[in-house]
>>> print(open('protein.pdb').read())   # PDB, C-alpha atoms and all ligand atoms
ATOM      1  CA  ASN A   1      17.408  10.410   4.220  1.00  0.00           C
ATOM      2  CA  PHE A   2      14.294   8.416   4.948  1.00  0.00           C
ATOM      3  CA  ARG A   3      11.866   9.189   7.738  1.00  0.00           C
ATOM      4  CA  CYS A   4      11.693   5.579   8.819  1.00  0.00           C
ATOM      5  CA  ARG A   5      13.553   2.305   8.214  1.00  0.00           C
ATOM      6  CA  SER A   6      10.431   0.814   6.639  1.00  0.00           C
ATOM      7  CA  ALA A   7      11.534   2.591   3.438  1.00  0.00           C
ATOM      8  CA  PHE A   8      14.041  -0.206   2.841  1.00  0.00           C
ATOM      9  CA  LYS A   9      11.294  -2.812   2.628  1.00  0.00           C
ATOM     10  CA  LEU A  10       9.547  -0.959  -0.181  1.00  0.00           C
ATOM     11  CA  LEU A  11      12.851  -0.213  -1.936  1.00  0.00           C
ATOM     12  CA  GLU A  12      13.676  -3.908  -1.831  1.00  0.00           C
ATOM     13  CA  ILE A  13      10.254  -4.917  -3.175  1.00  0.00           C
ATOM     14  CA  ASP A  14      10.353  -2.286  -5.904  1.00  0.00           C
ATOM     15  CA  ASP A  15      13.945  -3.021  -6.965  1.00  0.00           C
ATOM     16  CA  LYS A  16      12.972  -6.633  -7.468  1.00  0.00           C
ATOM     17  CA  PHE A  17       9.484  -6.316  -8.957  1.00  0.00           C
ATOM     18  CA  ARG A  18       9.372  -2.802 -10.510  1.00  0.00           C
ATOM     19  CA  VAL A  19       5.953  -1.971  -9.152  1.00  0.00           C
ATOM     20  CA  LEU A  20       6.387   1.826  -9.320  1.00  0.00           C
ATOM     21  CA  GLN A  21       6.951   3.435 -12.723  1.00  0.00           C
ATOM     22  CA  PRO A  22       7.540   7.111 -13.604  1.00  0.00           C
ATOM     23  CA  GLY A  23       4.159   8.737 -14.247  1.00  0.00           C
ATOM     24  CA  ASP A  24       2.205   6.319 -12.042  1.00  0.00           C
ATOM     25  CA  SER A  25      -0.489   7.408  -9.601  1.00  0.00           C
ATOM     26  CA  VAL A  26       0.050   5.850  -6.176  1.00  0.00           C
ATOM     27  CA  VAL A  27      -2.101   5.709  -3.057  1.00  0.00           C
ATOM     28  CA  ASP A  28      -0.070   5.024   0.105  1.00  0.00           C
ATOM     29  CA  CYS A  29      -2.294   3.676   2.903  1.00  0.00           C
ATOM     30  CA  GLY A  30      -1.063   4.105   6.471  1.00  0.00           C
ATOM     31  CA  ALA A  31       1.573   6.538   5.237  1.00  0.00           C
ATOM     32  CA  ALA A  32       2.807   8.207   8.469  1.00  0.00           C
ATOM     33  CA  PRO A  33       5.545   9.262   9.020  1.00  0.00           C
ATOM     34  CA  GLY A  34       6.021   9.153   5.242  1.00  0.00           C
ATOM     35  CA  ALA A  35       8.981   6.939   4.363  1.00  0.00           C
ATOM     36  CA  TRP A  36       7.104   4.793   1.818  1.00  0.00           C
ATOM     37  CA  SER A  37       5.760   7.975   0.268  1.00  0.00           C
ATOM     38  CA  GLN A  38       9.342   9.260  -0.016  1.00  0.00           C
ATOM     39  CA  VAL A  39      10.242   6.122  -1.985  1.00  0.00           C
ATOM     40  CA  ALA A  40       7.105   6.423  -4.120  1.00  0.00           C
ATOM     41  CA  VAL A  41       7.791  10.115  -4.909  1.00  0.00           C
ATOM     42  CA  GLN A  42      11.265   9.170  -6.174  1.00  0.00           C
ATOM     43  CA  ARG A  43      10.113   6.198  -8.210  1.00  0.00           C
ATOM     44  CA  VAL A  44       7.092   7.785  -9.916  1.00  0.00           C
ATOM     45  CA  ASN A  45       8.801  11.188 -10.305  1.00  0.00           C
ATOM     46  CA  SER A  46       5.919  13.031  -8.652  1.00  0.00           C
ATOM     47  CA  ALA A  47       8.157  15.925  -7.568  1.00  0.00           C
ATOM     48  CA  GLY A  48       9.242  16.304 -11.205  1.00  0.00           C
ATOM     49  CA  THR A  49      12.907  15.788 -10.247  1.00  0.00           C
ATOM     50  CA  ASP A  50      13.682  14.290 -13.656  1.00  0.00           C
ATOM     51  CA  PRO A  51      12.127  16.569 -16.304  1.00  0.00           C
ATOM     52  CA  GLU A  52      12.721  13.886 -18.969  1.00  0.00           C
ATOM     53  CA  LEU A  53      10.345  11.473 -17.285  1.00  0.00           C
ATOM     54  CA  ARG A  54       6.600  11.536 -16.859  1.00  0.00           C
ATOM     55  CA  ARG A  55       5.441  13.028 -13.602  1.00  0.00           C
ATOM     56  CA  GLY A  56       3.403  10.811 -11.296  1.00  0.00           C
ATOM     57  CA  THR A  57       1.101  11.377  -8.341  1.00  0.00           C
ATOM     58  CA  VAL A  58       1.463  10.225  -4.726  1.00  0.00           C
ATOM     59  CA  ILE A  59      -1.375  10.471  -2.219  1.00  0.00           C
ATOM     60  CA  GLY A  60      -0.718   9.328   1.352  1.00  0.00           C
ATOM     61  CA  ILE A  61      -3.389   8.619   3.961  1.00  0.00           C
ATOM     62  CA  ASP A  62      -3.103   8.098   7.698  1.00  0.00           C
ATOM     63  CA  LEU A  63      -5.092   8.430  10.902  1.00  0.00           C
ATOM     64  CA  LEU A  64      -2.063  10.306  12.223  1.00  0.00           C
ATOM     65  CA  ASN A  65      -0.471  13.493  11.008  1.00  0.00           C
ATOM     66  CA  ILE A  66       1.959  13.085   8.094  1.00  0.00           C
ATOM     67  CA  PRO A  67       4.534  15.898   7.839  1.00  0.00           C
ATOM     68  CA  PRO A  68       4.509  17.570   4.374  1.00  0.00           C
ATOM     69  CA  LEU A  69       6.657  16.135   1.581  1.00  0.00           C
ATOM     70  CA  GLU A  70       7.351  17.651  -1.824  1.00  0.00           C
ATOM     71  CA  GLY A  71       5.669  15.641  -4.546  1.00  0.00           C
ATOM     72  CA  ALA A  72       3.094  14.080  -2.220  1.00  0.00           C
ATOM     73  CA  HIS A  73      -0.424  15.056  -1.223  1.00  0.00           C
ATOM     74  CA  PHE A  74      -1.289  13.869   2.278  1.00  0.00           C
ATOM     75  CA  LEU A  75      -4.662  13.158   3.850  1.00  0.00           C
ATOM     76  CA  SER A  76      -3.786  13.241   7.551  1.00  0.00           C
ATOM     77  CA  SER A  77      -6.487  12.292  10.091  1.00  0.00           C
ATOM     78  CA  HIS A  78      -8.196  10.121   7.476  1.00  0.00           C
ATOM     79  CA  ASP A  79      -9.289   6.514   7.843  1.00  0.00           C
ATOM     80  CA  VAL A  80      -8.467   4.350   4.807  1.00  0.00           C
ATOM     81  CA  THR A  81     -11.474   2.119   5.511  1.00  0.00           C
ATOM     82  CA  ASP A  82     -13.933   5.045   5.492  1.00  0.00           C
ATOM     83  CA  PRO A  83     -15.958   5.397   2.249  1.00  0.00           C
ATOM     84  CA  ALA A  84     -15.669   9.193   2.633  1.00  0.00           C
ATOM     85  CA  THR A  85     -11.900   8.791   2.170  1.00  0.00           C
ATOM     86  CA  HIS A  86     -12.515   6.737  -0.985  1.00  0.00           C
ATOM     87  CA  ALA A  87     -14.654   9.563  -2.366  1.00  0.00           C
ATOM     88  CA  LYS A  88     -11.906  12.086  -1.666  1.00  0.00           C
ATOM     89  CA  LEU A  89      -9.361   9.900  -3.441  1.00  0.00           C
ATOM     90  CA  LEU A  90     -11.571   9.727  -6.521  1.00  0.00           C
ATOM     91  CA  GLU A  91     -11.448  13.516  -6.666  1.00  0.00           C
ATOM     92  CA  LEU A  92      -7.713  13.848  -6.071  1.00  0.00           C
ATOM     93  CA  LEU A  93      -6.448  11.154  -8.441  1.00  0.00           C
ATOM     94  CA  PRO A  94      -5.913  12.054 -12.106  1.00  0.00           C
ATOM     95  CA  ASN A  95      -8.943  10.543 -13.917  1.00  0.00           C
ATOM     96  CA  GLY A  96      -9.965   9.125 -10.540  1.00  0.00           C
ATOM     97  CA  GLN A  97      -7.624   6.174 -11.040  1.00  0.00           C
ATOM     98  CA  ALA A  98      -4.533   4.753  -9.356  1.00  0.00           C
ATOM     99  CA  HIS A  99      -1.933   2.453 -10.900  1.00  0.00           C
ATOM    100  CA  VAL A 100      -0.739   1.232  -7.516  1.00  0.00           C
ATOM    101  CA  ILE A 101      -2.169   0.912  -4.006  1.00  0.00           C
ATOM    102  CA  LEU A 102       0.451   0.526  -1.272  1.00  0.00           C
ATOM    103  CA  SER A 103      -0.446  -0.421   2.276  1.00  0.00           C
ATOM    104  CA  ASP A 104       1.903  -0.656   5.209  1.00  0.00           C
ATOM    105  CA  MET A 105      -1.077  -0.067   7.529  1.00  0.00           C
ATOM    106  CA  ALA A 106      -1.132  -1.721  10.888  1.00  0.00           C
ATOM    107  CA  PRO A 107      -3.494  -1.443  13.838  1.00  0.00           C
ATOM    108  CA  ASN A 108      -2.078  -0.562  17.246  1.00  0.00           C
ATOM    109  CA  ALA A 109      -0.824  -3.940  18.401  1.00  0.00           C
ATOM    110  CA  SER A 110      -2.713  -5.244  21.440  1.00  0.00           C
ATOM    111  CA  GLY A 111      -0.104  -7.926  22.053  1.00  0.00           C
ATOM    112  CA  PHE A 112      -2.708 -10.646  21.434  1.00  0.00           C
ATOM    113  CA  ARG A 113      -1.355 -12.152  18.263  1.00  0.00           C
ATOM    114  CA  GLU A 114      -4.583 -13.686  16.946  1.00  0.00           C
ATOM    115  CA  MET A 115      -6.550 -10.523  17.548  1.00  0.00           C
ATOM    116  CA  ASP A 116      -3.985  -8.251  15.909  1.00  0.00           C
ATOM    117  CA  HIS A 117      -3.762 -10.636  12.965  1.00  0.00           C
ATOM    118  CA  GLU A 118      -7.532 -10.560  12.530  1.00  0.00           C
ATOM    119  CA  LYS A 119      -7.734  -6.770  12.738  1.00  0.00           C
ATOM    120  CA  LEU A 120      -5.064  -6.317  10.105  1.00  0.00           C
ATOM    121  CA  ILE A 121      -6.669  -8.859   7.761  1.00  0.00           C
ATOM    122  CA  VAL A 122      -9.975  -6.959   8.012  1.00  0.00           C
ATOM    123  CA  MET A 123      -8.102  -3.793   7.075  1.00  0.00           C
ATOM    124  CA  CYS A 124      -6.493  -5.565   4.107  1.00  0.00           C
ATOM    125  CA  LEU A 125      -9.904  -6.816   2.964  1.00  0.00           C
ATOM    126  CA  SER A 126     -11.130  -3.219   2.917  1.00  0.00           C
ATOM    127  CA  LEU A 127      -8.359  -2.476   0.418  1.00  0.00           C
ATOM    128  CA  ILE A 128     -10.144  -4.775  -2.023  1.00  0.00           C
ATOM    129  CA  ASP A 129     -13.176  -2.463  -1.828  1.00  0.00           C
ATOM    130  CA  LEU A 130     -10.895   0.517  -2.308  1.00  0.00           C
ATOM    131  CA  ALA A 131      -9.325  -1.166  -5.343  1.00  0.00           C
ATOM    132  CA  GLU A 132     -12.764  -1.636  -6.861  1.00  0.00           C
ATOM    133  CA  ARG A 133     -13.317   2.112  -6.712  1.00  0.00           C
ATOM    134  CA  ILE A 134      -9.946   3.480  -7.773  1.00  0.00           C
ATOM    135  CA  LEU A 135      -7.532   0.850  -9.120  1.00  0.00           C
ATOM    136  CA  LYS A 136      -6.924   0.784 -12.873  1.00  0.00           C
ATOM    137  CA  PRO A 137      -7.330  -2.543 -14.653  1.00  0.00           C
ATOM    138  CA  GLY A 138      -3.826  -4.024 -14.766  1.00  0.00           C
ATOM    139  CA  GLY A 139      -2.918  -2.179 -11.538  1.00  0.00           C
ATOM    140  CA  SER A 140      -1.026  -3.473  -8.496  1.00  0.00           C
ATOM    141  CA  LEU A 141      -1.463  -3.727  -4.739  1.00  0.00           C
ATOM    142  CA  VAL A 142       1.246  -4.181  -2.125  1.00  0.00           C
ATOM    143  CA  CYS A 143      -0.124  -4.846   1.358  1.00  0.00           C
ATOM    144  CA  LYS A 144       1.336  -5.756   4.698  1.00  0.00           C
ATOM    145  CA  TYR A 145      -0.252  -8.459   6.818  1.00  0.00           C
ATOM    146  CA  TRP A 146       0.579 -10.495   9.882  1.00  0.00           C
ATOM    147  CA  ASP A 147       0.632 -14.215   9.307  1.00  0.00           C
ATOM    148  CA  GLY A 148      -2.172 -16.275  10.823  1.00  0.00           C
ATOM    149  CA  ILE A 149      -5.296 -18.317  10.198  1.00  0.00           C
ATOM    150  CA  LEU A 150      -7.157 -15.795   8.019  1.00  0.00           C
ATOM    151  CA  VAL A 151      -4.383 -15.374   5.432  1.00  0.00           C
ATOM    152  CA  GLN A 152      -5.891 -18.021   3.143  1.00  0.00           C
ATOM    153  CA  LYS A 153      -9.125 -16.072   3.033  1.00  0.00           C
ATOM    154  CA  LEU A 154      -7.370 -12.832   2.114  1.00  0.00           C
ATOM    155  CA  GLN A 155      -5.213 -14.582  -0.472  1.00  0.00           C
ATOM    156  CA  GLY A 156      -8.311 -16.188  -2.004  1.00  0.00           C
ATOM    157  CA  LYS A 157     -10.080 -12.842  -2.308  1.00  0.00           C
ATOM    158  CA  LEU A 158      -7.010 -11.233  -3.838  1.00  0.00           C
ATOM    159  CA  SER A 159      -6.629 -14.100  -6.302  1.00  0.00           C
ATOM    160  CA  SER A 160     -10.222 -13.643  -7.446  1.00  0.00           C
ATOM    161  CA  VAL A 161      -9.516 -10.102  -8.679  1.00  0.00           C
ATOM    162  CA  PHE A 162      -5.760 -10.102  -9.398  1.00  0.00           C
ATOM    163  CA  GLY A 163      -4.045 -12.180 -12.075  1.00  0.00           C
ATOM    164  CA  SER A 164      -1.020 -12.823  -9.882  1.00  0.00           C
ATOM    165  CA  VAL A 165      -0.589 -12.852  -6.102  1.00  0.00           C
ATOM    166  CA  ARG A 166       2.659 -13.583  -4.329  1.00  0.00           C
ATOM    167  CA  THR A 167       3.862 -13.546  -0.745  1.00  0.00           C
ATOM    168  CA  LEU A 168       6.963 -11.520   0.092  1.00  0.00           C
ATOM    169  CA  LYS A 169       9.182 -11.388   3.157  1.00  0.00           C
ATOM    170  CA  PRO A 170      11.690  -8.589   2.508  1.00  0.00           C
ATOM    171  CA  ASN A 171      15.151  -9.010   4.075  1.00  0.00           C
ATOM    172  CA  ALA A 172      14.591  -5.634   5.746  1.00  0.00           C
ATOM    173  CA  SER A 173      11.623  -7.155   7.614  1.00  0.00           C
ATOM    174  CA  ARG A 174      12.632  -8.680  10.963  1.00  0.00           C
ATOM    175  CA  LYS A 175      13.078 -12.431  10.656  1.00  0.00           C
ATOM    176  CA  ASP A 176      11.263 -13.132  13.925  1.00  0.00           C
ATOM    177  CA  SER A 177       8.170 -11.098  13.059  1.00  0.00           C
ATOM    178  CA  SER A 178       5.052 -12.534  11.435  1.00  0.00           C
ATOM    179  CA  GLU A 179       5.046  -9.575   9.030  1.00  0.00           C
ATOM    180  CA  ARG A 180       4.633 -10.441   5.350  1.00  0.00           C
ATOM    181  CA  TYR A 181       3.524  -8.603   2.228  1.00  0.00           C
ATOM    182  CA  PHE A 182       1.236  -9.594  -0.596  1.00  0.00           C
ATOM    183  CA  LEU A 183       2.178  -8.337  -4.029  1.00  0.00           C
ATOM    184  CA  ALA A 184      -0.941  -8.589  -6.180  1.00  0.00           C
ATOM    185  CA  ARG A 185      -0.686  -7.634  -9.840  1.00  0.00           C
ATOM    186  CA  MET A 186      -2.810  -7.511 -12.980  1.00  0.00           C
ATOM    187  CA  TYR A 187      -5.997  -6.216 -11.402  1.00  0.00           C
ATOM    188  CA  ARG A 188      -9.256  -6.975 -13.132  1.00  0.00           C
ATOM    189  CA  LYS A 189     -12.469  -5.380 -12.007  1.00  0.00           C
ATOM    190  CA  PRO A 190     -14.918  -7.931 -10.624  1.00  0.00           C
ATOM    191  CA  VAL A 191     -18.028  -8.537 -12.715  1.00  0.00           C
ATOM    192  CA  ARG A 192     -21.179  -7.786 -10.698  1.00  0.00           C
TER     193      ARG A 192
HETATM  194  N1  LIG B 201       4.827   3.043   5.656  1.00  0.00           N
HETATM  195  C1  LIG B 201       4.996   4.059   6.721  1.00  0.00           C
HETATM  196  C2  LIG B 201       6.321   4.738   6.489  1.00  0.00           C
HETATM  197  O1  LIG B 201       7.139   4.167   5.773  1.00  0.00           O
HETATM  198  O2  LIG B 201       6.543   5.845   6.996  1.00  0.00           O
HETATM  199  C3  LIG B 201       4.879   3.431   8.095  1.00  0.00           C
HETATM  200  C4  LIG B 201       3.475   2.951   8.394  1.00  0.00           C
HETATM  201  S1  LIG B 201       3.169   2.431  10.053  1.00  0.00           S
HETATM  202  C5  LIG B 201       3.939   0.848  10.093  1.00  0.00           C
HETATM  203  C6  LIG B 201       1.443   2.011  10.045  1.00  0.00           C
HETATM  204  C7  LIG B 201       0.499   3.201   9.968  1.00  0.00           C
HETATM  205  O3  LIG B 201      -0.823   2.753   9.662  1.00  0.00           O
HETATM  206  C8  LIG B 201       0.382   3.993  11.270  1.00  0.00           C
HETATM  207  O4  LIG B 201       0.866   5.298  11.069  1.00  0.00           O
HETATM  208  C9  LIG B 201      -1.138   4.002  11.549  1.00  0.00           C
HETATM  209  O5  LIG B 201      -1.602   5.237  12.051  1.00  0.00           O
HETATM  210  C10 LIG B 201      -1.711   3.724  10.186  1.00  0.00           C
HETATM  211  N2  LIG B 201      -3.094   3.229  10.182  1.00  0.00           N
HETATM  212  C11 LIG B 201      -3.612   2.213  10.915  1.00  0.00           C
HETATM  213  N3  LIG B 201      -4.920   2.065  10.648  1.00  0.00           N
HETATM  214  C12 LIG B 201      -5.247   3.001   9.717  1.00  0.00           C
HETATM  215  C13 LIG B 201      -6.460   3.362   9.043  1.00  0.00           C
HETATM  216  N4  LIG B 201      -7.599   2.699   9.272  1.00  0.00           N
HETATM  217  N5  LIG B 201      -6.435   4.387   8.173  1.00  0.00           N
HETATM  218  C14 LIG B 201      -5.276   5.054   7.936  1.00  0.00           C
HETATM  219  N6  LIG B 201      -4.102   4.754   8.530  1.00  0.00           N
HETATM  220  C15 LIG B 201      -4.086   3.751   9.413  1.00  0.00           C
END
>>> encode(input="protein.pdb", output="structure tokens", more="lines below")
Ligand code: SAM
Amino acid sequence: NFRCRSAFKLLEIDDKFRVLQPGDSVVDCGAAPGAWSQVAVQRVNSAGTDPELRRGTVIGIDLLNIPPLEGAHFLSSHDVTDPATHAKLLELLPNGQAHVILSDMAPNASGFREMDHEKLIVMCLSLIDLAERILKPGGSLVCKYWDGILVQKLQGKLSSVFGSVRTLKPNASRKDSSERYFLARMYRKPVR
């Protein structure tokens, strides 16, 4: 039983692209109420359900409260875009590194499409900074966005640090919504 129907979007993405592997460390951004984290816990075996497989790590972050879940460590009342949160993640992650960053984050919708689009893109761009601090070379990022004029900019930035970037519209995502996901793989740390 999942906490939210959004679980089916991640299941669909993961069934098709095998982003989450047993033993992986995953950071789930905008995790409340916790459905994506439920999927991640199953797929990376972070509750140790299958003793034959390596045991992964799932850390969920949200501004809101996230009810406890076996196999996950939650940072409720935390802002993903806050550098203090990044520092905490470095401490919590094994070797300070994640294999996968998931983001189903969304701002409270104002109803003004352009403005909501822009806000969410800014949040997605902050994930690129987070990746620079915690994502393993070769790692992956799945992030939700709302379609609009700034998508090219986000896609360009992702393409500069990931070997492959594709756009996904899961069947479980409402056809009439502008919601899309980027799946970015093969992370390489930028040279500075
Ligand atoms: N993936 C979740 C699940 O399956 O249960 C649903 C996520 S919901 C669509 C989006 C979440 O993003 C909200 O709970 C919201 O509080 C959170 N959020 C928005 N901005 C955030 C931020 N800056 N830091 C952390 N969480 C944020």
>>> atom_distance(input="protein.pdb", atom1="CA of Ile61 in chain A", atom2="CA of Asn95 in chain A")
18.8 Å
>>> closest_residue(input="protein.pdb", among="A:Lys88, A:Lys144, A:Lys175, A:Lys136", to="Leu120 in chain A", atoms="only C-alpha atoms")
A:Lys144
>>> closest_residue(input="protein.pdb", among="A:His99, A:Cys29, A:Leu150, A:His117", to="His78 in chain A", atoms="all atoms listed in the file")
A:Cys29
>>> residues_near_ligand(input="protein.pdb", ligand="ligand LIG 201 (chain B)", cutoff="10 Å", atoms="all atoms listed in the file", output="count of residues only")
50
>>> axis_aligned_box(input="protein.pdb", around="range 38-48 of chain A", padding_each_side="3 Å", output="AutoDock Vina command-line options")
--center_x 8.6 --center_y 11.2 --center_z -5.6 --size_x 11.3 --size_y 16.2 --size_z 17.2
>>> residues_around(input="protein.pdb", residues="range 22-27 of chain A", least_positions_apart="4", cutoff="8 Å", atoms="only C-alpha atoms", output="VMD selection string")
chain A and resid 40 43 to 46 53 to 61 93 to 94 97 to 102
>>> closest_residue(input="protein.pdb", among="A:Leu125, A:Leu141, A:Ala131, A:Leu20", to="Ala184 in chain A", atoms="only C-alpha atoms")
A:Leu141
>>> resolve_selection(input="protein.pdb", expression="the PyMOL selection byres (((chain A and resi 170) around 7) and not hetatm)", output="ChimeraX atom specification")
/A:9,12-13,168-169,171-173
>>> write_last_selection(input="protein.pdb", atoms="C-alpha atoms", output="PDB file, in the frame of the given file")
ATOM      1  CA  LYS A   9      11.294  -2.812   2.628  1.00  0.00           C
ATOM      2  CA  GLU A  12      13.676  -3.908  -1.831  1.00  0.00           C
ATOM      3  CA  ILE A  13      10.254  -4.917  -3.175  1.00  0.00           C
ATOM      4  CA  LEU A 168       6.963 -11.520   0.092  1.00  0.00           C
ATOM      5  CA  LYS A 169       9.182 -11.388   3.157  1.00  0.00           C
ATOM      6  CA  ASN A 171      15.151  -9.010   4.075  1.00  0.00           C
ATOM      7  CA  ALA A 172      14.591  -5.634   5.746  1.00  0.00           C
ATOM      8  CA  SER A 173      11.623  -7.155   7.614  1.00  0.00           C
TER       9      SER A 173
END
>>> decode(input="protein.pdb", residues="range 123-131 of chain A", atoms="all heavy atoms", output="PDB file, in the first residue's frame")
ATOM      1  N   MET A 123      14.034  25.564  -8.570  1.00  0.00           N
ATOM      2  CA  MET A 123      14.267  24.477  -7.615  1.00  0.00           C
ATOM      3  C   MET A 123      15.061  23.345  -8.267  1.00  0.00           C
ATOM      4  O   MET A 123      15.969  22.775  -7.660  1.00  0.00           O
ATOM      5  CB  MET A 123      12.920  23.949  -7.086  1.00  0.00           C
ATOM      6  CG  MET A 123      12.243  24.929  -6.138  1.00  0.00           C
ATOM      7  SD  MET A 123      10.482  24.622  -5.899  1.00  0.00           S
ATOM      8  CE  MET A 123      10.534  23.195  -4.884  1.00  0.00           C
ATOM      9  N   CYS A 124      14.730  23.028  -9.512  1.00  0.00           N
ATOM     10  CA  CYS A 124      15.466  21.971 -10.227  1.00  0.00           C
ATOM     11  C   CYS A 124      16.923  22.366 -10.423  1.00  0.00           C
ATOM     12  O   CYS A 124      17.826  21.536 -10.300  1.00  0.00           O
ATOM     13  CB  CYS A 124      14.834  21.708 -11.593  1.00  0.00           C
ATOM     14  SG  CYS A 124      13.200  20.963 -11.510  1.00  0.00           S
ATOM     15  N   LEU A 125      17.154  23.655 -10.726  1.00  0.00           N
ATOM     16  CA  LEU A 125      18.539  24.113 -10.918  1.00  0.00           C
ATOM     17  C   LEU A 125      19.342  23.941  -9.632  1.00  0.00           C
ATOM     18  O   LEU A 125      20.528  23.624  -9.668  1.00  0.00           O
ATOM     19  CB  LEU A 125      18.556  25.579 -11.382  1.00  0.00           C
ATOM     20  CG  LEU A 125      18.064  25.819 -12.820  1.00  0.00           C
ATOM     21  CD1 LEU A 125      17.869  27.304 -13.089  1.00  0.00           C
ATOM     22  CD2 LEU A 125      19.037  25.211 -13.833  1.00  0.00           C
ATOM     23  N   SER A 126      18.687  24.117  -8.493  1.00  0.00           N
ATOM     24  CA  SER A 126      19.400  23.947  -7.220  1.00  0.00           C
ATOM     25  C   SER A 126      19.819  22.490  -7.014  1.00  0.00           C
ATOM     26  O   SER A 126      20.763  22.199  -6.274  1.00  0.00           O
ATOM     27  CB  SER A 126      18.562  24.454  -6.047  1.00  0.00           C
ATOM     28  OG  SER A 126      17.690  23.446  -5.589  1.00  0.00           O
ATOM     29  N   LEU A 127      19.131  21.577  -7.681  1.00  0.00           N
ATOM     30  CA  LEU A 127      19.508  20.160  -7.580  1.00  0.00           C
ATOM     31  C   LEU A 127      20.859  19.903  -8.251  1.00  0.00           C
ATOM     32  O   LEU A 127      21.570  18.960  -7.900  1.00  0.00           O
ATOM     33  CB  LEU A 127      18.444  19.263  -8.224  1.00  0.00           C
ATOM     34  CG  LEU A 127      17.077  19.262  -7.546  1.00  0.00           C
ATOM     35  CD1 LEU A 127      16.073  18.488  -8.396  1.00  0.00           C
ATOM     36  CD2 LEU A 127      17.168  18.661  -6.142  1.00  0.00           C
ATOM     37  N   ILE A 128      21.203  20.754  -9.207  1.00  0.00           N
ATOM     38  CA  ILE A 128      22.504  20.610  -9.872  1.00  0.00           C
ATOM     39  C   ILE A 128      23.624  20.967  -8.883  1.00  0.00           C
ATOM     40  O   ILE A 128      24.675  20.323  -8.860  1.00  0.00           O
ATOM     41  CB  ILE A 128      22.559  21.451 -11.166  1.00  0.00           C
ATOM     42  CG1 ILE A 128      21.480  20.933 -12.141  1.00  0.00           C
ATOM     43  CG2 ILE A 128      23.948  21.387 -11.811  1.00  0.00           C
ATOM     44  CD1 ILE A 128      21.360  21.701 -13.434  1.00  0.00           C
ATOM     45  N   ASP A 129      23.374  21.961  -8.042  1.00  0.00           N
ATOM     46  CA  ASP A 129      24.343  22.282  -6.973  1.00  0.00           C
ATOM     47  C   ASP A 129      24.429  21.141  -5.969  1.00  0.00           C
ATOM     48  O   ASP A 129      25.509  20.786  -5.506  1.00  0.00           O
ATOM     49  CB  ASP A 129      23.929  23.551  -6.217  1.00  0.00           C
ATOM     50  CG  ASP A 129      23.901  24.771  -7.119  1.00  0.00           C
ATOM     51  OD1 ASP A 129      24.680  24.797  -8.090  1.00  0.00           O
ATOM     52  OD2 ASP A 129      23.099  25.684  -6.857  1.00  0.00           O
ATOM     53  N   LEU A 130      23.262  20.587  -5.625  1.00  0.00           N
ATOM     54  CA  LEU A 130      23.253  19.463  -4.697  1.00  0.00           C
ATOM     55  C   LEU A 130      24.044  18.287  -5.282  1.00  0.00           C
ATOM     56  O   LEU A 130      24.852  17.664  -4.586  1.00  0.00           O
ATOM     57  CB  LEU A 130      21.805  19.037  -4.391  1.00  0.00           C
ATOM     58  CG  LEU A 130      21.650  17.793  -3.512  1.00  0.00           C
ATOM     59  CD1 LEU A 130      22.235  18.021  -2.125  1.00  0.00           C
ATOM     60  CD2 LEU A 130      20.170  17.383  -3.398  1.00  0.00           C
ATOM     61  N   ALA A 131      23.823  18.023  -6.557  1.00  0.00           N
ATOM     62  CA  ALA A 131      24.528  16.918  -7.228  1.00  0.00           C
ATOM     63  C   ALA A 131      26.040  17.112  -7.104  1.00  0.00           C
ATOM     64  O   ALA A 131      26.785  16.169  -6.819  1.00  0.00           O
ATOM     65  CB  ALA A 131      24.117  16.834  -8.694  1.00  0.00           C
TER      66      ALA A 131
END
